[in-house]
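Peer 1: Input file: structure_27.txt. Contents: compact mmCIF, C-alpha atoms.
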# COMPACT_ATOMS: atom_id res chain seq x y z
CA ALA A 89 -6.72 -1.40 -27.52
CA GLN A 90 -9.94 -0.57 -25.75
CA LYS A 91 -10.35 -2.29 -22.44
CA ILE A 92 -14.13 -1.98 -22.38
CA THR A 93 -16.23 -2.28 -25.52
CA GLN A 94 -19.91 -1.47 -25.74
CA THR A 95 -20.97 -2.12 -29.31
CA GLN A 96 -24.53 -0.84 -29.05
CA PRO A 97 -24.65 2.96 -29.22
CA GLY A 98 -28.43 2.87 -28.88
CA MET A 99 -31.07 0.36 -27.87
CA PHE A 100 -34.87 0.48 -27.88
CA VAL A 101 -37.16 -1.70 -25.81
CA GLN A 102 -40.87 -1.91 -25.15
CA GLU A 103 -42.00 -1.26 -21.61
CA LYS A 104 -42.21 -4.43 -19.49
CA GLU A 105 -39.90 -6.37 -21.80
CA ALA A 106 -36.39 -7.49 -20.94
CA VAL A 107 -33.32 -5.98 -22.60
CA THR A 108 -29.66 -6.98 -22.72
CA LEU A 109 -26.89 -4.41 -22.97
CA ASP A 110 -23.61 -5.82 -24.24
CA CYS A 111 -20.18 -5.32 -22.74
CA THR A 112 -16.92 -7.06 -23.53
CA TYR A 113 -13.64 -6.43 -21.79
CA ASP A 114 -9.97 -7.04 -22.26
CA THR A 115 -7.54 -7.75 -19.45
CA SER A 116 -4.71 -10.10 -18.62
CA ASP A 117 -5.11 -9.49 -14.90
CA PRO A 118 -6.75 -12.52 -13.22
CA SER A 119 -8.26 -10.25 -10.59
CA TYR A 120 -10.72 -7.62 -11.79
CA GLY A 121 -14.13 -6.19 -11.18
CA LEU A 122 -16.88 -5.24 -13.58
CA PHE A 123 -19.42 -2.49 -12.98
CA TRP A 124 -22.52 -1.11 -14.60
CA TYR A 125 -23.68 2.44 -14.10
CA LYS A 126 -26.81 4.27 -15.22
CA GLN A 127 -26.67 7.92 -16.22
CA PRO A 128 -30.04 9.65 -16.66
CA SER A 129 -30.31 12.94 -18.49
CA SER A 130 -29.68 14.74 -15.19
CA GLY A 131 -26.05 13.64 -15.44
CA GLU A 132 -25.56 11.74 -12.21
CA MET A 133 -23.90 8.33 -12.34
CA ILE A 134 -25.88 5.67 -10.50
CA PHE A 135 -24.13 2.45 -9.49
CA LEU A 136 -26.20 -0.56 -10.52
CA ILE A 137 -24.30 -3.79 -10.13
CA TYR A 138 -20.86 -5.30 -9.59
CA GLN A 139 -19.27 -8.62 -10.58
CA GLY A 140 -15.88 -9.76 -9.31
CA SER A 141 -13.74 -11.99 -11.50
CA TYR A 142 -13.68 -14.71 -8.86
CA ASP A 143 -17.38 -14.62 -8.11
CA GLN A 144 -18.93 -17.99 -8.85
CA GLN A 145 -22.42 -16.75 -9.46
CA ASN A 146 -23.77 -14.01 -11.67
CA ALA A 147 -24.56 -10.82 -9.78
CA THR A 148 -28.16 -9.75 -9.39
CA GLU A 149 -29.70 -6.59 -7.95
CA GLY A 150 -33.45 -6.42 -8.22
CA ARG A 151 -34.36 -6.12 -11.90
CA TYR A 152 -30.69 -5.99 -12.90
CA SER A 153 -28.57 -9.04 -13.50
CA LEU A 154 -25.13 -9.42 -14.96
CA ASN A 155 -24.57 -12.23 -17.43
CA PHE A 156 -20.91 -12.93 -16.73
CA GLN A 157 -19.17 -15.17 -19.25
CA LYS A 158 -15.56 -15.22 -18.20
CA ALA A 159 -14.17 -17.28 -21.07
CA ARG A 160 -15.78 -14.91 -23.56
CA LYS A 161 -14.79 -11.87 -21.49
CA SER A 162 -18.30 -10.54 -21.57
CA ALA A 163 -20.38 -8.93 -18.85
CA ASN A 164 -23.77 -8.13 -20.29
CA LEU A 165 -26.37 -6.27 -18.27
CA VAL A 166 -29.88 -7.69 -18.33
CA ILE A 167 -32.75 -5.46 -17.29
CA SER A 168 -35.96 -7.37 -16.74
CA ALA A 169 -39.43 -5.82 -17.01
CA SER A 170 -38.21 -2.49 -18.41
CA GLN A 171 -39.75 0.69 -17.06
CA LEU A 172 -39.97 4.13 -18.61
CA GLY A 173 -37.57 5.37 -15.94
CA ASP A 174 -34.91 3.01 -17.24
CA SER A 175 -34.37 5.30 -20.23
CA ALA A 176 -30.79 6.52 -19.76
CA MET A 177 -27.17 6.00 -20.78
CA TYR A 178 -25.62 2.82 -19.42
CA PHE A 179 -21.90 2.49 -18.89
CA CYS A 180 -19.91 -0.67 -18.37
CA ALA A 181 -16.65 -0.29 -16.46
CA MET A 182 -13.78 -2.49 -15.35
CA ARG A 183 -11.30 -2.16 -12.56
CA GLU A 184 -8.20 -4.33 -12.70
CA GLY A 185 -6.37 -5.69 -9.69
CA THR A 186 -9.22 -5.70 -7.20
CA SER A 187 -7.03 -7.12 -4.47
CA GLY A 188 -4.65 -4.44 -3.37
CA GLY A 189 -6.86 -1.44 -3.72
CA SER A 190 -6.74 0.16 -7.13
CA TYR A 191 -10.14 1.76 -7.36
CA ILE A 192 -9.85 3.36 -10.76
CA PRO A 193 -12.15 1.80 -13.35
CA THR A 194 -12.03 2.24 -17.10
CA PHE A 195 -15.35 3.09 -18.71
CA GLY A 196 -16.88 2.03 -22.00
CA ARG A 197 -18.46 4.50 -24.40
CA GLY A 198 -21.95 3.77 -23.17
CA THR A 199 -25.25 2.55 -24.58
CA SER A 200 -28.29 4.78 -24.79
CA LEU A 201 -31.43 2.88 -23.80
CA ILE A 202 -34.87 4.18 -24.67
CA VAL A 203 -37.91 2.47 -23.24
CA HIS A 204 -41.10 2.91 -25.26
CA PRO A 205 -44.54 2.82 -23.62
CA SER B 113 -23.15 3.81 0.22
CA ALA B 114 -22.07 7.45 0.42
CA VAL B 115 -23.92 10.71 -0.11
CA ILE B 116 -21.87 13.00 -2.31
CA SER B 117 -22.69 16.61 -3.04
CA GLN B 118 -21.11 18.91 -5.57
CA LYS B 119 -21.22 22.66 -5.90
CA PRO B 120 -22.09 24.29 -8.19
CA SER B 121 -24.46 21.95 -10.00
CA ARG B 122 -24.01 23.94 -13.18
CA ASP B 123 -22.37 27.15 -14.35
CA ILE B 124 -21.84 29.20 -17.45
CA CYS B 125 -18.44 30.85 -17.54
CA GLN B 126 -16.52 33.11 -19.86
CA ARG B 127 -13.34 31.94 -21.49
CA GLY B 128 -10.18 32.84 -19.65
CA THR B 129 -11.79 32.62 -16.23
CA SER B 130 -11.49 29.86 -13.62
CA LEU B 131 -14.09 27.84 -11.75
CA THR B 132 -13.65 25.85 -8.55
CA ILE B 133 -15.90 22.85 -8.01
CA GLN B 134 -16.42 21.47 -4.53
CA CYS B 135 -17.09 17.87 -3.58
CA GLN B 136 -18.33 16.93 -0.11
CA VAL B 137 -18.88 13.37 1.15
CA ASP B 138 -20.93 12.45 4.20
CA SER B 139 -18.35 9.94 5.45
CA GLN B 140 -14.62 9.50 5.38
CA VAL B 141 -13.39 7.80 2.22
CA THR B 142 -10.04 6.49 1.17
CA MET B 143 -10.19 7.44 -2.46
CA MET B 144 -11.53 10.50 -4.22
CA PHE B 145 -11.38 11.05 -7.94
CA TRP B 146 -12.29 13.68 -10.49
CA TYR B 147 -13.69 12.75 -13.88
CA ARG B 148 -14.58 14.72 -16.97
CA GLN B 149 -17.36 13.78 -19.35
CA GLN B 150 -17.38 15.76 -22.56
CA PRO B 151 -20.69 16.02 -24.45
CA GLY B 152 -21.79 12.64 -25.76
CA GLN B 153 -18.65 10.94 -24.49
CA SER B 154 -17.68 8.50 -21.80
CA LEU B 155 -15.96 9.36 -18.54
CA THR B 156 -12.28 10.26 -18.48
CA LEU B 157 -10.33 10.26 -15.25
CA ILE B 158 -8.60 13.58 -14.60
CA ALA B 159 -6.83 12.75 -11.35
CA THR B 160 -6.88 11.01 -8.01
CA ALA B 161 -7.16 13.46 -5.14
CA ASN B 162 -4.72 12.51 -2.40
CA GLN B 163 -5.32 13.66 1.12
CA GLY B 164 -2.49 15.85 2.32
CA SER B 165 -0.39 15.61 -0.83
CA GLU B 166 -0.41 16.52 -4.49
CA ALA B 167 -2.99 14.87 -6.72
CA THR B 168 -2.01 12.12 -9.15
CA TYR B 169 -2.87 13.23 -12.68
CA GLU B 170 -3.66 11.04 -15.65
CA SER B 171 -1.97 11.44 -18.99
CA GLY B 172 -3.15 14.57 -20.73
CA PHE B 173 -4.09 16.45 -17.56
CA VAL B 174 -1.78 18.83 -15.71
CA ILE B 175 -1.84 20.54 -12.35
CA ASP B 176 -1.65 24.04 -13.79
CA LYS B 177 -4.88 23.52 -15.69
CA PHE B 178 -6.72 21.40 -13.10
CA PRO B 179 -5.40 22.15 -9.62
CA ILE B 180 -6.92 19.87 -7.00
CA SER B 181 -7.04 20.12 -3.25
CA ARG B 182 -7.98 17.52 -0.68
CA PRO B 183 -7.54 18.88 2.82
CA ASN B 184 -9.29 15.97 4.58
CA LEU B 185 -11.01 12.63 3.98
CA THR B 186 -14.43 14.10 3.17
CA PHE B 187 -13.75 17.10 0.94
CA SER B 188 -12.00 17.96 -2.32
CA THR B 189 -11.98 20.76 -4.87
CA LEU B 190 -11.19 20.82 -8.56
CA THR B 191 -10.38 24.08 -10.30
CA VAL B 192 -10.71 24.44 -14.05
CA SER B 193 -8.28 27.22 -14.91
CA ASN B 194 -8.10 29.60 -17.85
CA MET B 195 -11.18 28.02 -19.37
CA SER B 196 -11.87 27.62 -23.06
CA PRO B 197 -15.01 26.29 -24.81
CA GLU B 198 -13.29 22.88 -25.02
CA ASP B 199 -13.59 22.64 -21.23
CA SER B 200 -17.38 22.52 -21.50
CA SER B 201 -18.17 19.19 -19.85
CA ILE B 202 -19.73 17.50 -16.90
CA TYR B 203 -17.23 17.21 -14.05
CA LEU B 204 -17.88 14.36 -11.66
CA CYS B 205 -16.46 13.69 -8.25
CA SER B 206 -16.22 10.02 -7.30
CA VAL B 207 -15.31 8.14 -4.13
CA GLY B 208 -14.20 4.64 -3.30
CA GLY B 209 -12.83 2.67 -0.42
CA LEU B 210 -15.80 3.11 1.85
CA ALA B 211 -15.82 1.24 5.10
CA GLY B 212 -17.46 -2.14 4.58
CA SER B 213 -17.29 -1.85 0.80
CA SER B 214 -14.04 -2.85 -0.81
CA TYR B 215 -15.06 -2.34 -4.39
CA GLU B 216 -17.94 0.03 -4.78
CA GLN B 217 -17.37 3.42 -6.33
CA TYR B 218 -19.93 6.18 -6.12
CA PHE B 219 -20.36 9.41 -8.02
CA GLY B 220 -21.58 12.83 -7.14
CA PRO B 221 -24.37 14.49 -9.13
CA GLY B 222 -21.89 16.28 -11.38
CA THR B 223 -21.19 19.87 -12.30
CA ARG B 224 -22.34 20.85 -15.76
CA LEU B 225 -19.96 23.51 -17.07
CA THR B 226 -20.50 25.59 -20.19
CA VAL B 227 -17.73 27.92 -21.35
CA THR B 228 -18.67 30.68 -23.77
If you convert what's in this file into structure tokens, what do you get?
Peer 2:
Amino acid sequence: AQKITQTQPGMFVQEKEAVTLDCTYDTSDPSYGLFWYKQPSSGEMIFLIYQGSYDQQNATEGRYSLNFQKARKSANLVISASQLGDSAMYFCAMREGTSGGSYIPTFGRGTSLIVHP
Amino acid sequence: SAVISQKPSRDICQRGTSLTIQCQVDSQVTMMFWYRQQPGQSLTLIATANQGSEATYESGFVIDKFPISRPNLTFSTLTVSNMSPEDSSIYLCSVGGLAGSSYEQYFGPGTRLTVT
């Protein structure tokens, strides 16, 4: 079974609007971390945001916020006030067993976001 | 955060040849990894590069095809051996375990490989 599921292969949004990219995960480990990365056409992977399974509050980083719903096992990325430069592939990833040092995340298949002017 | 550089940034190679990709980090890191991203696909972990010992390979990847070196805490190489067109991918170096950051994982800019 897939550990990370991103059901939206492609998303379109108007500039300055907000957009939500979906991510659901599957784990039986009580300790885990969730990541979002952005990959522009240049190919680099840019770390955006992190949410730990024990974090009480949803993570935020500037225009990025993570809507963490633990019971539903979802970790959706919300981008507010979209910009043309946000057009890229977005990958959700999970790392299990955050305490104890396993740093190897599993990645979803990605969502392609296109921001229209 | 860490600044990670990779060389080469891209290459076009003939089948049957080998290419060595270098990854350099500007600070000492505990963990270094190599990923492959085939066209239109997600990232797949090839191996964990262990300093001073043999790399730990994931299922489906073997040392003869992807030999890895890690002589110190800031540098690693990945060789793609006896290349075929199926090896055309982006190869990404990644690091984790930075001082002061227990969870963050950063990626290099990637090496875009085309095998003809």
Peer 1: Figure out the distance between CA of Leu157 (chain B) and CA of Gln126 (chain B), please, to one decimal in Å.
Peer 2: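 One can read the CA of Gln126 (chain B) to CA of Leu157 (chain B) distance as 24.1 Å.
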Peer 1: Please provide as a PyMOL selection string all residues within 9 Å of region 138-153 of chain B, with the sequence filter that same-chain residues fewer than 4 positions apart are discarded (counting all atoms listed in the file).
Peer 2: (chain A and resi 191-192+197-198) or (chain B and resi 114-117+157-163+180+182+184-188+190+198-211)
Peer 1: If we count all atoms listed in the file, which residues of chain A reach to within 10 Å of chain B? Please list them as a PyMOL selection string.
Peer 2: chain A and resi 121-123+125+127+130-135+137-140+177+179+181+183+186-198
Peer 1: How big is the axis-aligned box around the listed atoms of region 96-105 of chain A once 5 Å is added on each side, and where is its centre? Give both in Å to one decimal, as AutoDock Vina command-line options.
Peer 2:
--center_x -33.4 --center_y -1.7 --center_z -24.4 --size_x 27.7 --size_y 19.3 --size_z 19.7
Peer 1: Is there a way to get, as an MDAnalysis selection string, all residues within 10 Å of the point (-29.5, -0.3, -25.3) in file coordinates, counting only C-alpha atoms?
Peer 2: chainID A and resid 94:101 107:110 165 175:178 198:203
Peer 1: Can you tell me which residues surround Val166 (chain A) at a distance of at most 10 Å, considering only C-alpha atoms, apart from same-chain residues fewer than 2 positions away, and format the answer as a list in words?
Peer 2: Ala106, Val107, Thr108, Leu109, Asp110, Thr148, Arg151, Tyr152, Ser153, Leu154, Asn155, Ala163, Asn164, Ser168, Ala169 and Ser170 of chain A
Peer 1: May I ask for the distance between CA of Gln171 (chain A) and CA of Gln102 (chain A), given in Å to one decimal place?
Peer 2: 8.6 Å
Peer 1: What gap, in Å, lies between CA of Pro197 (chain B) and CA of Lys177 (chain B)?
Peer 2: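 These two atoms are separated by 13.9 Å.
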Peer 1: Which protein, DNA or RNA residues are at most 8 Å from (-19.6, 28.3, -23.8) in the file's coordinates when you count all atoms listed in the file, listed as a list of chain:residue names?
Peer 2: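 Protein, DNA and RNA residues close to (-19.6, 28.3, -23.8): B:Ile124, B:Cys125, B:Gln126, B:Arg127, B:Ser196, B:Pro197, B:Ser200, B:Thr226, B:Val227, B:Thr228.
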Peer 1: Do a neighbour search on Lys91 (chain A) at 7 Å with all atoms listed in the file, toss out local chain neighbours closer than 5 positions, and write the hits as a PyMOL selection string.
Peer 2: chain A and resi 113-115
